[in-house]
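**Student:** For reference, the file protein-v9.cif (mmCIF, C-alpha atoms) is included below:
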```
data_structure
#
loop_
_atom_site.group_PDB
_atom_site.id
_atom_site.type_symbol
_atom_site.label_atom_id
_atom_site.label_comp_id
_atom_site.auth_asym_id
_atom_site.auth_seq_id
_atom_site.Cartn_x
_atom_site.Cartn_y
_atom_site.Cartn_z
ATOM 1 C CA MET V 154 -43.590 -59.751 51.855
ATOM 2 C CA ARG V 155 -44.646 -57.223 49.234
ATOM 3 C CA SER V 156 -45.296 -58.170 45.628
ATOM 4 C CA GLN V 157 -43.589 -56.379 42.744
ATOM 5 C CA VAL V 158 -46.772 -54.405 42.096
ATOM 6 C CA GLU V 159 -46.948 -53.305 45.742
ATOM 7 C CA GLU V 160 -43.302 -52.268 45.743
ATOM 8 C CA LYS V 161 -43.624 -50.334 42.496
ATOM 9 C CA PHE V 162 -46.844 -48.566 43.451
ATOM 10 C CA SER V 163 -45.562 -47.778 46.951
ATOM 11 C CA ASP V 164 -42.603 -45.965 45.405
ATOM 12 C CA PHE V 165 -44.910 -44.130 43.013
ATOM 13 C CA TYR V 166 -47.284 -43.186 45.843
ATOM 14 C CA GLU V 167 -44.532 -41.720 48.015
ATOM 15 C CA LYS V 168 -43.401 -39.520 45.130
ATOM 16 C CA TRP V 169 -46.991 -38.571 44.322
ATOM 17 C CA VAL V 170 -47.677 -37.544 47.932
ATOM 18 C CA PHE V 171 -44.479 -35.467 47.957
ATOM 19 C CA GLN V 172 -45.737 -33.658 44.851
ATOM 20 C CA ASP V 173 -49.135 -33.274 46.501
ATOM 21 C CA VAL V 174 -47.540 -31.465 49.441
ATOM 22 C CA ASP V 175 -45.842 -29.105 46.991
ATOM 23 C CA CYS V 176 -49.158 -28.515 45.235
ATOM 24 C CA LEU V 177 -50.793 -27.792 48.586
ATOM 25 C CA GLN V 178 -48.289 -25.041 49.265
ATOM 26 C CA GLN V 179 -49.045 -23.486 45.882
ATOM 27 C CA LEU V 180 -52.772 -23.646 46.582
ATOM 28 C CA LEU V 181 -52.436 -22.011 49.991
ATOM 29 C CA ILE V 182 -50.352 -19.194 48.532
ATOM 30 C CA ALA V 183 -52.769 -18.697 45.631
ATOM 31 C CA SER V 184 -55.813 -18.599 47.919
ATOM 32 C CA LYS V 185 -54.322 -15.579 49.720
ATOM 33 C CA ASP V 186 -52.871 -13.733 46.733
ATOM 34 C CA PRO V 187 -55.081 -10.737 45.838
ATOM 35 C CA LEU V 188 -53.017 -10.059 42.688
ATOM 36 C CA LEU V 189 -53.452 -13.505 41.144
ATOM 37 C CA HIS V 190 -55.498 -13.238 37.941
ATOM 38 C CA GLU V 191 -58.348 -15.601 37.131
ATOM 39 C CA GLN V 192 -56.367 -17.089 34.237
ATOM 40 C CA GLU V 193 -53.555 -18.013 36.644
ATOM 41 C CA GLN V 194 -56.082 -19.473 39.047
ATOM 42 C CA ARG V 195 -57.533 -21.654 36.279
ATOM 43 C CA ALA V 196 -54.050 -22.794 35.282
ATOM 44 C CA LEU V 197 -53.337 -23.889 38.849
ATOM 45 C CA VAL V 198 -56.644 -25.771 39.067
ATOM 46 C CA SER V 199 -55.830 -27.538 35.782
ATOM 47 C CA LYS V 200 -52.411 -28.489 37.146
ATOM 48 C CA LEU V 201 -53.997 -30.032 40.243
ATOM 49 C CA THR V 202 -56.632 -31.976 38.307
ATOM 50 C CA ALA V 203 -53.910 -33.349 36.008
ATOM 51 C CA HIS V 204 -51.968 -34.369 39.121
ATOM 52 C CA HIS V 205 -54.937 -36.419 40.335
ATOM 53 C CA LYS V 206 -55.713 -37.917 36.914
ATOM 54 C CA GLY V 207 -52.096 -39.101 36.714
ATOM 55 C CA PHE V 208 -52.595 -40.918 39.997
ATOM 56 C CA TYR V 209 -55.577 -42.875 38.671
ATOM 57 C CA ALA V 210 -53.829 -43.727 35.412
ATOM 58 C CA GLU V 211 -50.973 -45.325 37.368
ATOM 59 C CA LYS V 212 -53.372 -46.964 39.790
ATOM 60 C CA TRP V 213 -55.408 -48.625 37.060
ATOM 61 C CA ALA V 214 -52.324 -49.886 35.265
ATOM 62 C CA SER V 215 -50.977 -51.430 38.481
ATOM 63 C CA ALA V 216 -54.343 -52.837 39.576
ATOM 64 C CA HIS V 217 -54.676 -54.686 36.284
ATOM 65 C CA GLU V 218 -51.663 -56.734 37.393
ATOM 66 C CA ASP V 219 -52.687 -57.165 41.045
ATOM 67 C CA VAL V 220 -56.052 -55.708 42.021
ATOM 68 C CA LEU V 221 -56.046 -57.324 45.479
ATOM 69 C CA ALA V 222 -53.133 -55.094 46.486
ATOM 70 C CA PHE V 223 -55.464 -52.085 46.262
ATOM 71 C CA PHE V 224 -58.100 -53.592 48.548
ATOM 72 C CA SER V 225 -55.437 -53.987 51.248
ATOM 73 C CA PRO V 226 -52.904 -51.251 50.405
ATOM 74 C CA GLN V 227 -49.561 -51.679 52.139
ATOM 75 C CA TRP V 228 -48.570 -48.088 51.297
ATOM 76 C CA LEU V 229 -51.280 -46.672 53.605
ATOM 77 C CA SER V 230 -51.290 -46.520 57.394
ATOM 78 C CA PRO V 231 -54.076 -48.221 59.416
ATOM 79 C CA LEU V 232 -55.611 -44.786 60.004
ATOM 80 C CA GLU V 233 -55.673 -44.006 56.274
ATOM 81 C CA ASN V 234 -57.137 -47.432 55.561
ATOM 82 C CA ALA V 235 -59.889 -46.751 58.101
ATOM 83 C CA TYR V 236 -61.035 -43.817 55.960
ATOM 84 C CA THR V 237 -60.852 -45.774 52.699
ATOM 85 C CA TRP V 238 -63.950 -46.556 50.637
ATOM 86 C CA MET V 239 -63.526 -48.980 47.727
ATOM 87 C CA THR V 240 -59.740 -48.377 47.486
ATOM 88 C CA GLY V 241 -59.945 -44.597 47.898
ATOM 89 C CA TRP V 242 -61.711 -41.590 49.427
ATOM 90 C CA LYS V 243 -65.482 -41.586 49.541
ATOM 91 C CA PRO V 244 -66.948 -39.108 47.014
ATOM 92 C CA SER V 245 -69.623 -37.768 49.384
ATOM 93 C CA MET V 246 -66.792 -36.580 51.634
ATOM 94 C CA VAL V 247 -66.224 -33.700 49.203
ATOM 95 C CA PHE V 248 -69.723 -32.361 49.871
ATOM 96 C CA ARG V 249 -69.212 -32.523 53.625
ATOM 97 C CA LEU V 250 -65.994 -30.601 53.096
ATOM 98 C CA ILE V 251 -67.862 -27.933 51.123
ATOM 99 C CA ASP V 252 -70.475 -27.712 53.888
ATOM 100 C CA SER V 253 -67.741 -27.199 56.452
ATOM 101 C CA LEU V 254 -65.894 -24.596 54.407
ATOM 102 C CA SER V 255 -69.064 -22.693 53.542
ATOM 103 C CA HIS V 256 -69.717 -22.174 57.253
ATOM 104 C CA HIS V 257 -66.208 -21.527 58.516
ATOM 105 C CA HIS V 258 -64.093 -20.190 55.664
ATOM 106 C CA ARG V 259 -63.085 -16.551 55.972
ATOM 107 C CA VAL V 260 -63.903 -14.300 53.048
ATOM 108 C CA PRO V 261 -60.712 -13.168 51.230
ATOM 109 C CA SER V 262 -60.501 -9.772 49.614
ATOM 110 C CA GLN V 263 -59.788 -11.012 46.071
ATOM 111 C CA GLY V 264 -63.192 -12.512 45.286
ATOM 112 C CA PRO V 265 -66.094 -14.767 46.308
ATOM 113 C CA SER V 266 -65.130 -17.586 48.660
ATOM 114 C CA LEU V 267 -66.846 -20.868 49.428
ATOM 115 C CA ARG V 268 -68.769 -18.981 52.090
ATOM 116 C CA GLN V 269 -70.357 -16.928 49.346
ATOM 117 C CA LEU V 270 -71.963 -19.643 47.240
ATOM 118 C CA SER V 271 -74.773 -18.320 45.091
ATOM 119 C CA ASP V 272 -78.261 -19.826 45.154
ATOM 120 C CA GLU V 273 -77.573 -21.343 41.729
ATOM 121 C CA GLN V 274 -74.327 -22.918 42.949
ATOM 122 C CA ILE V 275 -76.038 -24.346 46.029
ATOM 123 C CA LYS V 276 -78.774 -25.836 43.851
ATOM 124 C CA ASN V 277 -76.297 -27.387 41.385
ATOM 125 C CA ILE V 278 -74.133 -28.807 44.166
ATOM 126 C CA GLN V 279 -77.176 -30.350 45.850
ATOM 127 C CA GLU V 280 -78.267 -31.974 42.589
ATOM 128 C CA LEU V 281 -74.754 -33.338 42.088
ATOM 129 C CA ARG V 282 -74.695 -34.599 45.680
ATOM 130 C CA ASN V 283 -77.897 -36.574 45.038
ATOM 131 C CA ARG V 284 -76.528 -38.105 41.821
ATOM 132 C CA ILE V 285 -73.246 -39.048 43.482
ATOM 133 C CA ARG V 286 -75.065 -40.688 46.380
ATOM 134 C CA LEU V 287 -76.904 -42.922 43.898
ATOM 135 C CA ASP V 288 -73.610 -43.736 42.166
ATOM 136 C CA GLU V 289 -72.039 -44.677 45.508
ATOM 137 C CA GLU V 290 -74.938 -46.992 46.285
ATOM 138 C CA LYS V 291 -74.565 -48.623 42.867
ATOM 139 C CA VAL V 292 -70.863 -49.308 43.512
ATOM 140 C CA GLU V 293 -71.642 -50.708 46.972
ATOM 141 C CA ARG V 294 -74.283 -53.056 45.528
ATOM 142 C CA GLU V 295 -71.769 -54.317 42.974
ATOM 143 C CA MET V 296 -69.237 -54.914 45.745
ATOM 144 C CA GLU V 297 -71.841 -56.863 47.709
ATOM 145 C CA ARG V 298 -72.491 -58.964 44.612
ATOM 146 C CA GLN V 299 -68.793 -59.761 44.337
ATOM 147 C CA GLN V 300 -68.654 -60.712 48.014
ATOM 148 C CA VAL V 301 -71.631 -63.033 47.585
ATOM 149 C CA ALA V 302 -69.931 -64.630 44.574
ATOM 150 C CA LEU V 303 -66.785 -65.153 46.629
ATOM 151 C CA ALA V 304 -68.747 -66.953 49.339
ATOM 152 C CA ASP V 305 -70.922 -68.847 46.874
ATOM 153 C CA ARG V 306 -71.299 -72.514 47.710
ATOM 154 C CA GLY V 307 -70.185 -73.506 44.231
ATOM 155 C CA MET V 308 -66.844 -71.767 44.724
ATOM 156 C CA VAL V 309 -66.365 -73.442 48.095
ATOM 157 C CA GLU V 310 -67.204 -76.861 46.693
ATOM 158 C CA LEU V 311 -64.881 -76.307 43.730
ATOM 159 C CA ALA V 312 -62.004 -75.452 46.065
ATOM 160 C CA ARG V 313 -62.790 -78.494 48.210
ATOM 161 C CA LEU V 314 -62.902 -80.750 45.159
ATOM 162 C CA ALA V 315 -59.555 -79.396 43.984
ATOM 163 C CA SER V 316 -58.070 -80.247 47.387
ATOM 164 C CA ARG V 317 -59.445 -83.808 47.330
ATOM 165 C CA VAL V 318 -58.218 -84.476 43.802
ATOM 166 C CA THR V 319 -54.743 -83.233 44.725
ATOM 167 C CA VAL V 320 -54.585 -85.533 47.762
ATOM 168 C CA ARG V 321 -55.737 -88.602 45.802
ATOM 169 C CA ASP V 322 -53.572 -87.855 42.778
ATOM 170 C CA GLY V 323 -51.724 -91.061 42.090
ATOM 171 C CA GLY V 324 -52.661 -92.041 38.580
ATOM 172 C CA ARG V 325 -53.203 -90.620 35.160
ATOM 173 C CA GLY V 326 -56.941 -90.398 35.616
ATOM 174 C CA THR V 327 -56.746 -88.392 38.800
ATOM 175 C CA GLU V 328 -53.965 -86.279 37.333
ATOM 176 C CA SER V 329 -56.123 -85.219 34.392
ATOM 177 C CA ALA V 330 -59.025 -84.590 36.774
ATOM 178 C CA ALA V 331 -56.777 -82.376 38.885
ATOM 179 C CA VAL V 332 -55.822 -80.381 35.802
ATOM 180 C CA ARG V 333 -59.495 -79.870 34.912
ATOM 181 C CA VAL V 334 -60.445 -78.813 38.438
ATOM 182 C CA GLU V 335 -57.496 -76.450 38.717
ATOM 183 C CA GLY V 336 -58.487 -74.942 35.380
ATOM 184 C CA LEU V 337 -62.046 -74.377 36.583
ATOM 185 C CA LEU V 338 -60.813 -72.896 39.850
ATOM 186 C CA GLU V 339 -58.392 -70.584 38.061
ATOM 187 C CA SER V 340 -61.161 -69.434 35.730
ATOM 188 C CA ALA V 341 -63.510 -68.735 38.650
ATOM 189 C CA LEU V 342 -60.861 -66.774 40.540
ATOM 190 C CA LYS V 343 -60.015 -64.800 37.425
ATOM 191 C CA GLY V 344 -63.683 -63.838 37.161
ATOM 192 C CA LEU V 345 -63.701 -62.624 40.762
ATOM 193 C CA LEU V 346 -60.542 -60.555 40.280
ATOM 194 C CA THR V 347 -62.031 -59.022 37.138
ATOM 195 C CA GLY V 348 -65.125 -58.168 39.152
ATOM 196 C CA LEU V 349 -63.066 -56.481 41.879
ATOM 197 C CA GLU V 350 -61.168 -54.491 39.269
ATOM 198 C CA LYS V 351 -64.506 -53.350 37.858
ATOM 199 C CA VAL V 352 -65.653 -52.243 41.329
ATOM 200 C CA MET V 353 -62.428 -50.308 41.895
ATOM 201 C CA LYS V 354 -62.613 -48.514 38.556
ATOM 202 C CA SER V 355 -66.308 -47.728 39.036
ATOM 203 C CA ALA V 356 -65.543 -46.176 42.421
ATOM 204 C CA ASP V 357 -62.646 -44.189 40.945
ATOM 205 C CA CYS V 358 -64.897 -42.915 38.165
ATOM 206 C CA VAL V 359 -67.374 -41.674 40.775
ATOM 207 C CA ARG V 360 -64.501 -39.900 42.526
ATOM 208 C CA LEU V 361 -63.406 -38.227 39.290
ATOM 209 C CA LYS V 362 -67.010 -37.399 38.405
ATOM 210 C CA THR V 363 -67.441 -35.741 41.819
ATOM 211 C CA PHE V 364 -64.316 -33.652 41.424
ATOM 212 C CA LYS V 365 -65.210 -32.527 37.891
ATOM 213 C CA GLY V 366 -68.825 -31.813 38.784
ATOM 214 C CA VAL V 367 -67.948 -29.677 41.797
ATOM 215 C CA LEU V 368 -65.124 -27.781 40.076
ATOM 216 C CA ASP V 369 -67.427 -26.990 37.139
ATOM 217 C CA VAL V 370 -69.860 -25.303 39.550
ATOM 218 C CA LEU V 371 -67.315 -23.290 41.545
ATOM 219 C CA THR V 372 -65.372 -20.178 40.551
ATOM 220 C CA PRO V 373 -61.582 -20.572 40.044
ATOM 221 C CA LEU V 374 -60.874 -19.109 43.491
ATOM 222 C CA GLN V 375 -63.443 -21.370 45.127
ATOM 223 C CA CYS V 376 -61.882 -24.338 43.316
ATOM 224 C CA ILE V 377 -58.483 -23.413 44.752
ATOM 225 C CA GLN V 378 -59.926 -23.165 48.253
ATOM 226 C CA LEU V 379 -61.631 -26.553 47.960
ATOM 227 C CA LEU V 380 -58.563 -28.269 46.467
ATOM 228 C CA ALA V 381 -56.401 -26.787 49.226
ATOM 229 C CA ALA V 382 -58.759 -28.104 51.909
ATOM 230 C CA PHE V 383 -58.943 -31.509 50.223
ATOM 231 C CA SER V 384 -55.155 -31.822 49.916
ATOM 232 C CA MET V 385 -54.707 -30.590 53.477
ATOM 233 C CA ARG V 386 -57.031 -33.325 54.709
ATOM 234 C CA GLN V 387 -55.139 -36.020 52.814
ATOM 235 C CA VAL V 388 -51.714 -34.780 53.941
ATOM 236 C CA GLN V 389 -52.757 -34.431 57.590
ATOM 237 C CA LEU V 390 -54.379 -37.871 57.591
ATOM 238 C CA ARG V 391 -51.130 -39.369 56.310
ATOM 239 C CA GLU V 392 -49.060 -37.510 58.903
ATOM 240 C CA TRP V 393 -51.357 -38.581 61.740
ATOM 241 C CA GLY V 394 -51.309 -42.151 60.423
ATOM 242 C CA LYS V 395 -47.517 -42.273 60.665
ATOM 243 C CA LYS V 396 -47.710 -41.342 64.351
ATOM 244 C CA ILE V 397 -50.360 -43.918 65.238
ATOM 245 C CA GLU V 398 -49.116 -47.501 65.289
ATOM 246 C CA PHE V 399 -52.293 -49.249 66.414
ATOM 247 C CA PRO V 400 -55.432 -50.054 64.348
ATOM 248 C CA CYS V 401 -58.101 -47.385 64.380
ATOM 249 C CA CYS V 402 -61.850 -47.798 64.193
ATOM 250 C CA PHE V 403 -62.908 -44.560 62.493
ATOM 251 C CA GLN V 404 -65.632 -44.659 59.882
ATOM 252 C CA VAL V 405 -65.916 -42.654 56.682
#
```
What does this structure look like when you write it as structure tokens?

**Tutor:**
Amino acid sequence: MRSQVEEKFSDFYEKWVFQDVDCLQQLLIASKDPLLHEQEQRALVSKLTAHHKGFYAEKWASAHEDVLAFFSPQWLSPLENAYTWMTGWKPSMVFRLIDSLSHHHRVPSQGPSLRQLSDEQIKNIQELRNRIRLDEEKVEREMERQQVALADRGMVELARLASRVTVRDGGRGTESAAVRVEGLLESALKGLLTGLEKVMKSADCVRLKTFKGVLDVLTPLQCIQLLAAFSMRQVQLREWGKKIEFPCCFQV
């Protein structure tokens, strides 16, 4: 049974994906329009970045109420979940996408494409790739720390003690002890949930940092091509996930 947070965010996500499909169509049209001015291209890129920032604003607000829902999202298919890294897409995926597009993207007539990256752009993207890799590793280490805390012997013993006190609760003394133990357990769990929320937000910040860093390096047309490829990947993954009803074992 879904919680209120899961129900609310699932509704939001369906609407957001629908808007994403509409944005994808605009991107595909813009990438092939030789008459589209650079100012119009920049406006479209700004619209898409605002679309994604709105997603994270809603996500963070919902996760503050129930962060665990985002580590096991009911609004995603098993296939989509298989490609999830820390409640979302893995930032380094963007660089693999650029690599793919730079080798296979056809050159349009209206300006430089991702296949025509300058030496300066290649250098800046490589430097950003290295920084993002370090950021990813930092997030993963923090997640490992949270997992160790969850399995910590003290937490296990505290839970066991709470169970024993509850079973033996028959007098005022044991009742007050149960209250104290439950308070300690609640405090410990609250700390773990806060830690998971921190991990999620840190990962999201790396995602946003990756997007901003890459878009700052690319030309408006190249930004449109990358955003179109990114949205296409997300939309296709969701469509494939709806058709597959068994768990998948793909890795990011």

**Student:** To one decimal place in Å, what is the distance between CA of Gln194 in chain V and CA of Tyr166 in chain V?

**Tutor:**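 For CA of Gln194 in chain V relative to CA of Tyr166 in chain V, the distance reads 26.2 Å.
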
**Student:** Which residues are near Ala196 in chain V? Cut-off 12 Å, only C-alpha atoms, ignore same chain within fewer than 3 positions. Put them as number ranges by chain.

**Tutor:** V: 179-180, 183, 189-193, 199-203, 373-374, 376-377

**Student:** Just to be explicit: take each residue in the selection above, keep C-alpha atoms, and write the result as an mmCIF file, keeping the file's coordinate frame.

**Tutor:**
```
data_model
loop_
_atom_site.group_PDB
_atom_site.id
_atom_site.type_symbol
_atom_site.label_atom_id
_atom_site.label_comp_id
_atom_site.auth_asym_id
_atom_site.auth_seq_id
_atom_site.Cartn_x
_atom_site.Cartn_y
_atom_site.Cartn_z
ATOM 1 C CA GLN V 179 -49.045 -23.486 45.882
ATOM 2 C CA LEU V 180 -52.772 -23.646 46.582
ATOM 3 C CA ALA V 183 -52.769 -18.697 45.631
ATOM 4 C CA LEU V 189 -53.452 -13.505 41.144
ATOM 5 C CA HIS V 190 -55.498 -13.238 37.941
ATOM 6 C CA GLU V 191 -58.348 -15.601 37.131
ATOM 7 C CA GLN V 192 -56.367 -17.089 34.237
ATOM 8 C CA GLU V 193 -53.555 -18.013 36.644
ATOM 9 C CA SER V 199 -55.830 -27.538 35.782
ATOM 10 C CA LYS V 200 -52.411 -28.489 37.146
ATOM 11 C CA LEU V 201 -53.997 -30.032 40.243
ATOM 12 C CA THR V 202 -56.632 -31.976 38.307
ATOM 13 C CA ALA V 203 -53.910 -33.349 36.008
ATOM 14 C CA PRO V 373 -61.582 -20.572 40.044
ATOM 15 C CA LEU V 374 -60.874 -19.109 43.491
ATOM 16 C CA CYS V 376 -61.882 -24.338 43.316
ATOM 17 C CA ILE V 377 -58.483 -23.413 44.752
#
```

**Student:** Quick one: pull the distance between CA of Ser245 in chain V and CA of Arg286 in chain V, Å, one decimal.

**Tutor:** 6.9 Å

**Student:** Just checking: using all atoms listed in the file, which residue out of V:Leu254, V:Leu303, V:Met246, V:Asn277 ends up closest to Leu368 in chain V?

**Tutor:** V:Asn277

**Student:** For range 278-293 of chain V, take all atoms listed in the file, fit an axis-aligned box around them, add 5 Å to each of the six sides, then output centre and edge lengths in Å rounded to one decimal, as AutoDock Vina command-line options.

**Tutor:**
```
--center_x -74.6 --center_y -39.8 --center_z 44.4 --size_x 17.4 --size_y 31.9 --size_z 15.2
```

**Student:** Tell me which protein, DNA and RNA residues are within 7 Å of range 354-363 of chain V, counting all atoms listed in the file, leaving out same-chain ones fewer than 6 positions away, and put them as a compact mmCIF listing (two decimals) with C-alpha atoms, in the coordinates of the input.

**Tutor:**
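Resulting contents of selection_28.txt:
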```txt
# COMPACT_ATOMS: atom_id res chain seq x y z
CA MET V 239 -63.53 -48.98 47.73
CA PRO V 244 -66.95 -39.11 47.01
CA ILE V 285 -73.25 -39.05 43.48
CA ASP V 288 -73.61 -43.74 42.17
CA VAL V 292 -70.86 -49.31 43.51
```

**Student:** Tell me, as a list in words, which residues lie within 12 Å of Ala216 in chain V, counting all atoms listed in the file; anything in the same chain fewer than 6 positions away does not count.

**Tutor:** Gln157, Val158, Glu159, Lys161, Phe162, Tyr209, Ala210, Ala222, Phe223, Phe224, Ser225, Pro226, Thr240, Leu346, Thr347, Leu349, Glu350, Lys351, Val352, Met353 and Lys354 of chain V

**Student:** So that I can see what lies close to Asp175 in chain V, please list as a list in words the residues with an atom at most 12 Å from it, counting only C-alpha atoms and leaving out residues fewer than 2 positions away in the same chain.

**Tutor:**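 Listed by chain and then number, they are Lys168, Trp169, Val170, Phe171, Gln172, Asp173, Leu177, Gln178, Gln179, Leu180, Leu181, Ile182, Lys200, Leu201, His204, Ala381, Ser384, Met385 and Val388 of chain V.
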
**Student:** Between CA of Trp228 in chain V and CA of Ser163 in chain V, what is the spacing in Å?

**Tutor:**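 Rounded to one decimal, the two atoms are 5.3 Å apart.
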
**Student:** Return the single residue from V:Gln279, V:Gln269, V:Gln378, V:Gln387 that is closest to Asp186 in chain V, with distances computed using all atoms listed in the file.

**Tutor:** V:Gln378

**Student:** Which one is closest to Ile275 in chain V: V:Glu339, V:Glu218, V:Glu290, V:Asp252? Count only C-alpha atoms.

**Tutor:**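 Checking each of V:Glu339, V:Glu218, V:Glu290, V:Asp252 against Ile275 in chain V, counting only C-alpha atoms, the winner is V:Asp252.
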
**Student:** Can you work out which one of V:Gly207, V:Ala214, V:Thr237, V:Ile251 has the shortest atom-to-atom distance to Ala382 in chain V, counting all atoms listed in the file?

**Tutor:** V:Ile251

**Student:** Applied to the shown file, which residues does the PyMOL selection byres ((chain V and resi 255) around 12) return, written as an NGL selection string?

**Tutor:** :V and (248-254 or 256-260 or 265-271 or 274-275 or 375 or 378-379 or 382)

**Student:** Which residues are near Glu160 in chain V? Cut-off 9 Å, all atoms listed in the file, ignore same chain within fewer than 5 positions. Put them as a ChimeraX atom specification.

**Tutor:** /V:155,165,227-228
